[in-house]
Structure formats: C-alpha cells, structure tokens
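Peer 1: mmCIF, C-alpha atoms, file input.cif:
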data_coords
loop_
_atom_site.group_PDB
_atom_site.id
_atom_site.type_symbol
_atom_site.label_atom_id
_atom_site.label_comp_id
_atom_site.auth_asym_id
_atom_site.auth_seq_id
_atom_site.Cartn_x
_atom_site.Cartn_y
_atom_site.Cartn_z
ATOM 1 C CA GLN N 1 14.333 -17.882 28.545
ATOM 2 C CA VAL N 2 13.368 -15.600 25.655
ATOM 3 C CA GLN N 3 16.219 -13.551 24.286
ATOM 4 C CA LEU N 4 16.016 -10.428 22.155
ATOM 5 C CA VAL N 5 19.323 -9.015 20.990
ATOM 6 C CA GLU N 6 19.563 -5.683 19.186
ATOM 7 C CA SER N 7 22.414 -4.666 16.932
ATOM 8 C CA GLY N 8 23.237 -2.040 14.344
ATOM 9 C CA GLY N 9 23.344 1.075 16.451
ATOM 10 C CA GLY N 10 26.109 3.636 16.186
ATOM 11 C CA LEU N 11 27.073 7.208 15.474
ATOM 12 C CA VAL N 12 25.769 8.820 12.301
ATOM 13 C CA GLN N 13 25.509 12.349 10.960
ATOM 14 C CA ALA N 14 22.168 14.049 10.559
ATOM 15 C CA GLY N 15 20.547 12.988 7.317
ATOM 16 C CA GLY N 16 22.223 9.613 7.413
ATOM 17 C CA SER N 17 20.821 6.114 7.731
ATOM 18 C CA LEU N 18 21.138 3.104 9.991
ATOM 19 C CA ARG N 19 19.511 -0.312 10.074
ATOM 20 C CA LEU N 20 18.833 -1.911 13.414
ATOM 21 C CA SER N 21 18.289 -5.625 13.836
ATOM 22 C CA CYS N 22 16.637 -7.605 16.610
ATOM 23 C CA ALA N 23 17.420 -11.306 16.753
ATOM 24 C CA ALA N 24 14.981 -13.383 18.770
ATOM 25 C CA SER N 25 15.495 -16.803 20.281
ATOM 26 C CA ARG N 26 13.596 -19.220 22.494
ATOM 27 C CA LEU N 27 10.197 -18.080 21.296
ATOM 28 C CA THR N 28 7.845 -18.898 18.474
ATOM 29 C CA PHE N 29 8.738 -15.724 16.611
ATOM 30 C CA SER N 30 5.804 -15.768 14.205
ATOM 31 C CA ALA N 31 3.373 -15.788 17.143
ATOM 32 C CA TYR N 32 4.618 -12.424 18.391
ATOM 33 C CA ILE N 33 3.989 -8.835 17.522
ATOM 34 C CA MET N 34 7.389 -7.136 17.447
ATOM 35 C CA GLY N 35 8.044 -3.530 18.274
ATOM 36 C CA TRP N 36 10.703 -0.867 18.598
ATOM 37 C CA PHE N 37 10.848 1.676 21.399
ATOM 38 C CA ARG N 38 13.449 4.270 22.247
ATOM 39 C CA GLN N 39 14.553 6.198 25.288
ATOM 40 C CA ALA N 40 16.557 9.401 25.248
ATOM 41 C CA PRO N 41 18.434 10.630 28.331
ATOM 42 C CA GLY N 42 16.058 12.122 30.864
ATOM 43 C CA LYS N 43 12.988 11.058 28.915
ATOM 44 C CA GLU N 44 10.502 8.251 29.143
ATOM 45 C CA ARG N 45 10.632 5.273 26.850
ATOM 46 C CA GLU N 46 8.539 5.971 23.774
ATOM 47 C CA PHE N 47 6.956 3.900 21.039
ATOM 48 C CA VAL N 48 8.615 3.969 17.631
ATOM 49 C CA ALA N 49 6.960 1.255 15.539
ATOM 50 C CA HIS N 50 5.511 -2.216 15.669
ATOM 51 C CA ILE N 51 4.687 -4.915 13.162
ATOM 52 C CA ASN N 52 2.215 -7.762 13.233
ATOM 53 C CA TRP N 53 3.131 -11.434 13.105
ATOM 54 C CA LEU N 54 2.775 -11.708 9.335
ATOM 55 C CA GLY N 55 4.668 -8.542 8.623
ATOM 56 C CA ASP N 56 1.924 -6.879 6.591
ATOM 57 C CA ILE N 57 0.588 -4.434 9.187
ATOM 58 C CA ALA N 58 2.834 -1.819 10.754
ATOM 59 C CA TYR N 59 2.250 1.217 12.909
ATOM 60 C CA TYR N 60 4.587 4.151 13.433
ATOM 61 C CA ALA N 61 4.952 7.062 15.780
ATOM 62 C CA ASP N 62 4.223 10.333 14.008
ATOM 63 C CA SER N 63 7.773 11.492 14.695
ATOM 64 C CA VAL N 64 9.272 8.729 12.524
ATOM 65 C CA LYS N 65 6.550 8.156 9.941
ATOM 66 C CA GLY N 66 7.944 8.378 6.433
ATOM 67 C CA ARG N 67 11.552 8.052 7.637
ATOM 68 C CA PHE N 68 11.647 4.692 9.421
ATOM 69 C CA THR N 69 10.522 1.310 8.112
ATOM 70 C CA ILE N 70 9.931 -1.724 10.284
ATOM 71 C CA SER N 71 10.110 -5.219 8.834
ATOM 72 C CA ARG N 72 10.600 -8.809 9.912
ATOM 73 C CA ASP N 73 11.878 -12.086 8.557
ATOM 74 C CA ASN N 74 10.126 -14.927 10.346
ATOM 75 C CA ALA N 75 12.415 -17.494 8.768
ATOM 76 C CA LYS N 76 15.377 -15.791 10.450
ATOM 77 C CA ASN N 77 13.595 -14.863 13.696
ATOM 78 C CA THR N 78 14.730 -11.301 13.095
ATOM 79 C CA MET N 79 13.106 -7.888 13.013
ATOM 80 C CA TYR N 80 14.581 -4.773 11.443
ATOM 81 C CA LEU N 81 14.246 -1.021 11.656
ATOM 82 C CA GLN N 82 15.533 0.887 8.650
ATOM 83 C CA MET N 83 16.098 4.480 9.711
ATOM 84 C CA THR N 84 16.682 7.201 7.126
ATOM 85 C CA SER N 85 16.905 11.002 7.220
ATOM 86 C CA LEU N 86 18.049 10.741 10.803
ATOM 87 C CA LYS N 87 17.813 13.780 13.033
ATOM 88 C CA PRO N 88 19.635 14.665 16.257
ATOM 89 C CA GLU N 89 16.355 14.197 18.113
ATOM 90 C CA ASP N 90 16.399 10.518 17.080
ATOM 91 C CA THR N 91 19.346 10.032 19.439
ATOM 92 C CA ALA N 92 18.344 7.405 22.006
ATOM 93 C CA VAL N 93 18.781 3.853 23.136
ATOM 94 C CA TYR N 94 16.593 1.717 20.891
ATOM 95 C CA TYR N 95 14.917 -1.354 22.317
ATOM 96 C CA CYS N 96 13.122 -4.187 20.627
ATOM 97 C CA ALA N 97 10.140 -5.775 22.301
ATOM 98 C CA ALA N 98 7.856 -8.754 21.777
ATOM 99 C CA ARG N 99 4.179 -9.250 22.555
ATOM 100 C CA ALA N 100 2.530 -12.642 22.417
ATOM 101 C CA SER N 101 -0.309 -11.892 20.011
ATOM 102 C CA ASN N 102 -1.395 -12.457 16.445
ATOM 103 C CA SER N 103 -3.894 -9.610 16.321
ATOM 104 C CA GLY N 104 -3.667 -6.546 14.125
ATOM 105 C CA SER N 105 -4.424 -4.165 16.983
ATOM 106 C CA ARG N 106 -2.224 -1.283 17.989
ATOM 107 C CA TYR N 107 0.087 -1.613 20.972
ATOM 108 C CA TYR N 108 1.790 1.653 21.785
ATOM 109 C CA GLN N 109 2.531 1.221 25.480
ATOM 110 C CA SER N 110 5.661 -0.403 26.812
ATOM 111 C CA THR N 111 3.476 -2.319 29.276
ATOM 112 C CA ASP N 112 1.822 -4.045 26.314
ATOM 113 C CA TYR N 113 4.984 -6.055 25.656
ATOM 114 C CA ASN N 114 6.173 -9.213 27.361
ATOM 115 C CA TYR N 115 9.873 -9.305 26.471
ATOM 116 C CA TRP N 116 12.619 -6.737 25.914
ATOM 117 C CA GLY N 117 16.118 -6.566 24.534
ATOM 118 C CA GLN N 118 19.021 -4.807 26.217
ATOM 119 C CA GLY N 119 19.022 -1.886 23.779
ATOM 120 C CA THR N 120 21.402 -0.412 21.233
ATOM 121 C CA GLN N 121 22.619 3.184 21.217
ATOM 122 C CA VAL N 122 21.875 5.420 18.249
ATOM 123 C CA THR N 123 23.572 8.812 18.215
ATOM 124 C CA VAL N 124 22.859 11.355 15.499
ATOM 125 C CA SER N 125 25.246 14.285 15.318
ATOM 126 C CA SER N 126 24.232 17.649 13.898
#
As a first step, turn the structure in this file into structure tokens.

Peer 2:
Amino acid sequence: QVQLVESGGGLVQAGGSLRLSCAASRLTFSAYIMGWFRQAPGKEREFVAHINWLGDIAYYADSVKGRFTISRDNAKNTMYLQMTSLKPEDTAVYYCAARASNSGSRYYQSTDYNYWGQGTQVTVSS
C-alpha cells in the first residue's frame, strides 16, 4: 500500500531552522497534491502547507507564511518543508499527506487527503 515516511524532526531553539522530508512510495507521486499538517498536544490537527503536483503552486497557513517553504522533487518522490525562524508555538507532530489530484485548488482540511505518514516530532525550545 501507499507509504509516506517523514523525517527530519528534532529539537531546535527558537529562531532556528529544520527541514522535514516526506518520502513517498507505491504511488504515482506526480499525480498527487502533497501537504503538511501538524498537531500539538491537546489541539486538533491543522493545515500547514500544500503544493500542487508540478510544484509551482503552494498554499500556506497564515501562521507559517514567510517562515516555511514547501517544495517537492518528483524525480525522488519526496516532499520537503523548510522551516525557519521557528517559534515555540511551532512545536507539534508534523504529518505529510497526499491527495490524488492534479488541480490547483486549495485543500486545507485533513479530510481532503487520502494518505498520511506516521508523523515526526518537532520541538522548539524558548
């Protein structure tokens, strides 16, 4: 079945940077919109960013706009999230997700996505 595997999480000080990766297998990667969500303890899972199949259209949550950059490499079946100027409130488990679509529409709900990874922990200390 489809596999999405996140990596790159860890502990970082406020103001620091991390790059998350999501490696996909058993799917036609270029036919999927790819997204990042996150879930902090006691909170609902929330949208972070998503990118279209070609990698030229991206949408971001207001809370990360200007600090995070989503990208993808279809040749490597991998998506990335470059996170800079990290804040303690960015602390969460980060999940990658895939939606079978080649449209440029916006998909901000977790229910919009077909497949999920297991998550990677990001902790930002103050």

Peer 1: Of the candidates N:Ser63, N:Thr123, N:Ser30, N:Gln1, which one gets nearest to Lys76 in chain N if we count all atoms listed in the file?

Peer 2: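 Using all atoms listed in the file, Lys76 in chain N sits closest to N:Ser30.
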
Peer 1: Report as a ChimeraX atom specification the residues that result from applying the PyMOL selection byres ((chain N and resi 115) around 8) to the structure here.

Peer 2: /N:2-4,97-99,113-114,116-117

Peer 1: Would you translate the PyMOL selection byres ((chain N and resi 108) around 6) into the concrete set of residues it matches in this file, as a list in words?

Peer 2: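 The output of the PyMOL selection byres ((chain N and resi 108) around 6) on this file is Phe47, Tyr107 and Gln109 of chain N.
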
Peer 1: Would you mind exporting the chosen residues as a PDB file, keeping the file's coordinate frame, restricted to C-alpha atoms?

Peer 2:
ATOM      1  CA  PHE N  47       6.956   3.900  21.039  1.00  0.00           C
ATOM      2  CA  TYR N 107       0.087  -1.613  20.972  1.00  0.00           C
ATOM      3  CA  GLN N 109       2.531   1.221  25.480  1.00  0.00           C
TER       4      GLN N 109
END

Peer 1: Determine, counting all atoms listed in the file, which protein, DNA and RNA residues have an atom within 9 Å of an atom of range 14-21 of chain N; residues of the same chain fewer than 2 positions away are not included. Present the result as a PyMOL selection string.

Peer 2: chain N and resi 5-10+12+23+78-88+94+96+120+122+124-126

Peer 1: Hey, can you check how far CA of Glu89 in chain N sits from CA of Asp73 in chain N?

Peer 2: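 We find that CA of Glu89 in chain N and CA of Asp73 in chain N lie 28.3 Å from each other.
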
Peer 1: Within 9 Å of range 48-50 of chain N, counting all atoms listed in the file, which residues show up once you throw out same-chain ones fewer than 4 positions away? Write them as a list in words, please.

Peer 2: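 Here the answer would be Ile33, Met34, Gly35, Trp36, Phe37, Arg38, Ile57, Ala58, Tyr59, Tyr60, Ala61, Asp62, Ser63, Val64, Lys65, Phe68, Thr69, Ile70, Ser71, Leu81, Tyr94, Ala97, Arg106, Tyr107 and Tyr108 of chain N.
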
Peer 1: How many Å separate CA of Thr91 in chain N from CA of Gln121 in chain N?

Peer 2: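 CA of Gln121 in chain N lies at a distance of 7.8 Å from CA of Thr91 in chain N.
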
Peer 1: Go ahead and compute the interatomic distance for CA of Gly42 in chain N and CA of Ser110 in chain N, in Å to one decimal.

Peer 2: 16.8 Å

Peer 1: Counting only C-alpha atoms, figure out which residue out of N:Leu11, N:Asn52, N:Gln39, N:Leu27 gets nearest to Asn102 in chain N.

Peer 2: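 Checking each candidate against Asn102 in chain N, we get N:Asn52 as the closest.
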
Peer 1: So, with all atoms listed in the file as the atoms that count, which of N:Leu54, N:Ala31, N:Ala40, N:Ala75 lies closest to Tyr95 in chain N?

Peer 2: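 When distances to Tyr95 in chain N are compared using all atoms listed in the file, the smallest one comes from N:Ala40.
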
Peer 1: Determine, counting all atoms listed in the file, which protein, DNA and RNA residues have an atom within 8 Å of an atom of Phe29 in chain N; residues of the same chain fewer than 2 positions away are not included. Present the result as a list in words.

Peer 2: Ala24, Ser25, Leu27, Ala31, Tyr32, Trp53, Asn74 and Asn77 of chain N

Peer 1: Can you work out which one of N:Arg72, N:Asp90, N:Ile51, N:Gly119 has the shortest atom-to-atom distance to Ser103 in chain N, counting all atoms listed in the file?

Peer 2: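 Of N:Arg72, N:Asp90, N:Ile51, N:Gly119, the one nearest Ser103 in chain N, counting all atoms listed in the file, is N:Ile51.
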
Peer 1: Quick one: of N:Gly66, N:Asp112, N:Gln118, N:Thr28, who's nearest to Val93 in chain N, counting only C-alpha atoms?

Peer 2: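 Among N:Gly66, N:Asp112, N:Gln118, N:Thr28, it is N:Gln118 that comes nearest to Val93 in chain N.
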
Peer 1: Please complete range 33-60 of chain N so it has N, CA and C atoms, and hand it over as a PDB file, in the coordinates of the input.

Peer 2:
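As written to disk, out_9.pdb reads:
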ATOM      1  N   ILE N  33       3.857 -10.182  18.047  1.00  0.00           N
ATOM      2  CA  ILE N  33       3.989  -8.835  17.522  1.00  0.00           C
ATOM      3  C   ILE N  33       5.345  -8.313  18.001  1.00  0.00           C
ATOM      4  N   MET N  34       6.077  -7.660  17.106  1.00  0.00           N
ATOM      5  CA  MET N  34       7.389  -7.136  17.447  1.00  0.00           C
ATOM      6  C   MET N  34       7.376  -5.612  17.333  1.00  0.00           C
ATOM      7  N   GLY N  35       8.054  -4.985  18.274  1.00  0.00           N
ATOM      8  CA  GLY N  35       8.044  -3.530  18.274  1.00  0.00           C
ATOM      9  C   GLY N  35       9.408  -2.936  18.579  1.00  0.00           C
ATOM     10  N   TRP N  36       9.531  -1.660  18.246  1.00  0.00           N
ATOM     11  CA  TRP N  36      10.703  -0.867  18.598  1.00  0.00           C
ATOM     12  C   TRP N  36      10.258   0.307  19.481  1.00  0.00           C
ATOM     13  N   PHE N  37      11.013   0.520  20.535  1.00  0.00           N
ATOM     14  CA  PHE N  37      10.848   1.676  21.399  1.00  0.00           C
ATOM     15  C   PHE N  37      12.204   2.368  21.498  1.00  0.00           C
ATOM     16  N   ARG N  38      12.188   3.578  22.018  1.00  0.00           N
ATOM     17  CA  ARG N  38      13.449   4.270  22.247  1.00  0.00           C
ATOM     18  C   ARG N  38      13.348   5.118  23.493  1.00  0.00           C
ATOM     19  N   GLN N  39      14.501   5.379  24.081  1.00  0.00           N
ATOM     20  CA  GLN N  39      14.553   6.198  25.288  1.00  0.00           C
ATOM     21  C   GLN N  39      15.758   7.102  25.221  1.00  0.00           C
ATOM     22  N   ALA N  40      15.500   8.395  25.227  1.00  0.00           N
ATOM     23  CA  ALA N  40      16.557   9.401  25.248  1.00  0.00           C
ATOM     24  C   ALA N  40      16.867   9.749  26.698  1.00  0.00           C
ATOM     25  N   PRO N  41      18.066  10.278  26.956  1.00  0.00           N
ATOM     26  CA  PRO N  41      18.434  10.630  28.331  1.00  0.00           C
ATOM     27  C   PRO N  41      17.426  11.592  28.949  1.00  0.00           C
ATOM     28  N   GLY N  42      16.981  11.252  30.153  1.00  0.00           N
ATOM     29  CA  GLY N  42      16.058  12.122  30.864  1.00  0.00           C
ATOM     30  C   GLY N  42      14.626  12.060  30.389  1.00  0.00           C
ATOM     31  N   LYS N  43      14.343  11.160  29.451  1.00  0.00           N
ATOM     32  CA  LYS N  43      12.988  11.058  28.915  1.00  0.00           C
ATOM     33  C   LYS N  43      12.447   9.658  29.132  1.00  0.00           C
ATOM     34  N   GLU N  44      11.133   9.559  29.018  1.00  0.00           N
ATOM     35  CA  GLU N  44      10.502   8.251  29.143  1.00  0.00           C
ATOM     36  C   GLU N  44      10.682   7.439  27.865  1.00  0.00           C
ATOM     37  N   ARG N  45      10.571   6.139  28.021  1.00  0.00           N
ATOM     38  CA  ARG N  45      10.632   5.273  26.850  1.00  0.00           C
ATOM     39  C   ARG N  45       9.408   5.538  25.978  1.00  0.00           C
ATOM     40  N   GLU N  46       9.637   5.647  24.667  1.00  0.00           N
ATOM     41  CA  GLU N  46       8.539   5.971  23.774  1.00  0.00           C
ATOM     42  C   GLU N  46       8.452   4.971  22.625  1.00  0.00           C
ATOM     43  N   PHE N  47       7.226   4.791  22.161  1.00  0.00           N
ATOM     44  CA  PHE N  47       6.956   3.900  21.039  1.00  0.00           C
ATOM     45  C   PHE N  47       7.534   4.460  19.750  1.00  0.00           C
ATOM     46  N   VAL N  48       8.099   3.577  18.943  1.00  0.00           N
ATOM     47  CA  VAL N  48       8.615   3.969  17.631  1.00  0.00           C
ATOM     48  C   VAL N  48       7.795   3.314  16.522  1.00  0.00           C
ATOM     49  N   ALA N  49       7.693   1.984  16.573  1.00  0.00           N
ATOM     50  CA  ALA N  49       6.960   1.255  15.539  1.00  0.00           C
ATOM     51  C   ALA N  49       6.695  -0.167  16.017  1.00  0.00           C
ATOM     52  N   HIS N  50       5.665  -0.779  15.446  1.00  0.00           N
ATOM     53  CA  HIS N  50       5.511  -2.216  15.669  1.00  0.00           C
ATOM     54  C   HIS N  50       4.915  -2.873  14.434  1.00  0.00           C
ATOM     55  N   ILE N  51       5.083  -4.164  14.343  1.00  0.00           N
ATOM     56  CA  ILE N  51       4.687  -4.915  13.162  1.00  0.00           C
ATOM     57  C   ILE N  51       3.997  -6.200  13.594  1.00  0.00           C
ATOM     58  N   ASN N  52       2.958  -6.575  12.847  1.00  0.00           N
ATOM     59  CA  ASN N  52       2.215  -7.762  13.233  1.00  0.00           C
ATOM     60  C   ASN N  52       2.976  -9.030  12.868  1.00  0.00           C
ATOM     61  N   TRP N  53       2.412 -10.173  13.238  1.00  0.00           N
ATOM     62  CA  TRP N  53       3.131 -11.434  13.105  1.00  0.00           C
ATOM     63  C   TRP N  53       3.458 -11.772  11.650  1.00  0.00           C
ATOM     64  N   LEU N  54       2.566 -11.371  10.732  1.00  0.00           N
ATOM     65  CA  LEU N  54       2.775 -11.708   9.335  1.00  0.00           C
ATOM     66  C   LEU N  54       3.694 -10.715   8.636  1.00  0.00           C
ATOM     67  N   GLY N  55       3.810  -9.549   9.224  1.00  0.00           N
ATOM     68  CA  GLY N  55       4.668  -8.542   8.623  1.00  0.00           C
ATOM     69  C   GLY N  55       3.975  -7.647   7.615  1.00  0.00           C
ATOM     70  N   ASP N  56       2.635  -7.692   7.583  1.00  0.00           N
ATOM     71  CA  ASP N  56       1.924  -6.879   6.591  1.00  0.00           C
ATOM     72  C   ASP N  56       1.165  -5.703   7.205  1.00  0.00           C
ATOM     73  N   ILE N  57       1.219  -5.578   8.523  1.00  0.00           N
ATOM     74  CA  ILE N  57       0.588  -4.434   9.187  1.00  0.00           C
ATOM     75  C   ILE N  57       1.617  -3.813  10.117  1.00  0.00           C
ATOM     76  N   ALA N  58       1.852  -2.527   9.929  1.00  0.00           N
ATOM     77  CA  ALA N  58       2.834  -1.819  10.754  1.00  0.00           C
ATOM     78  C   ALA N  58       2.253  -0.485  11.202  1.00  0.00           C
ATOM     79  N   TYR N  59       2.656  -0.074  12.372  1.00  0.00           N
ATOM     80  CA  TYR N  59       2.250   1.217  12.909  1.00  0.00           C
ATOM     81  C   TYR N  59       3.501   1.984  13.316  1.00  0.00           C
ATOM     82  N   TYR N  60       3.438   3.302  13.147  1.00  0.00           N
ATOM     83  CA  TYR N  60       4.587   4.151  13.433  1.00  0.00           C
ATOM     84  C   TYR N  60       4.184   5.334  14.296  1.00  0.00           C
TER      85      TYR N  60
END
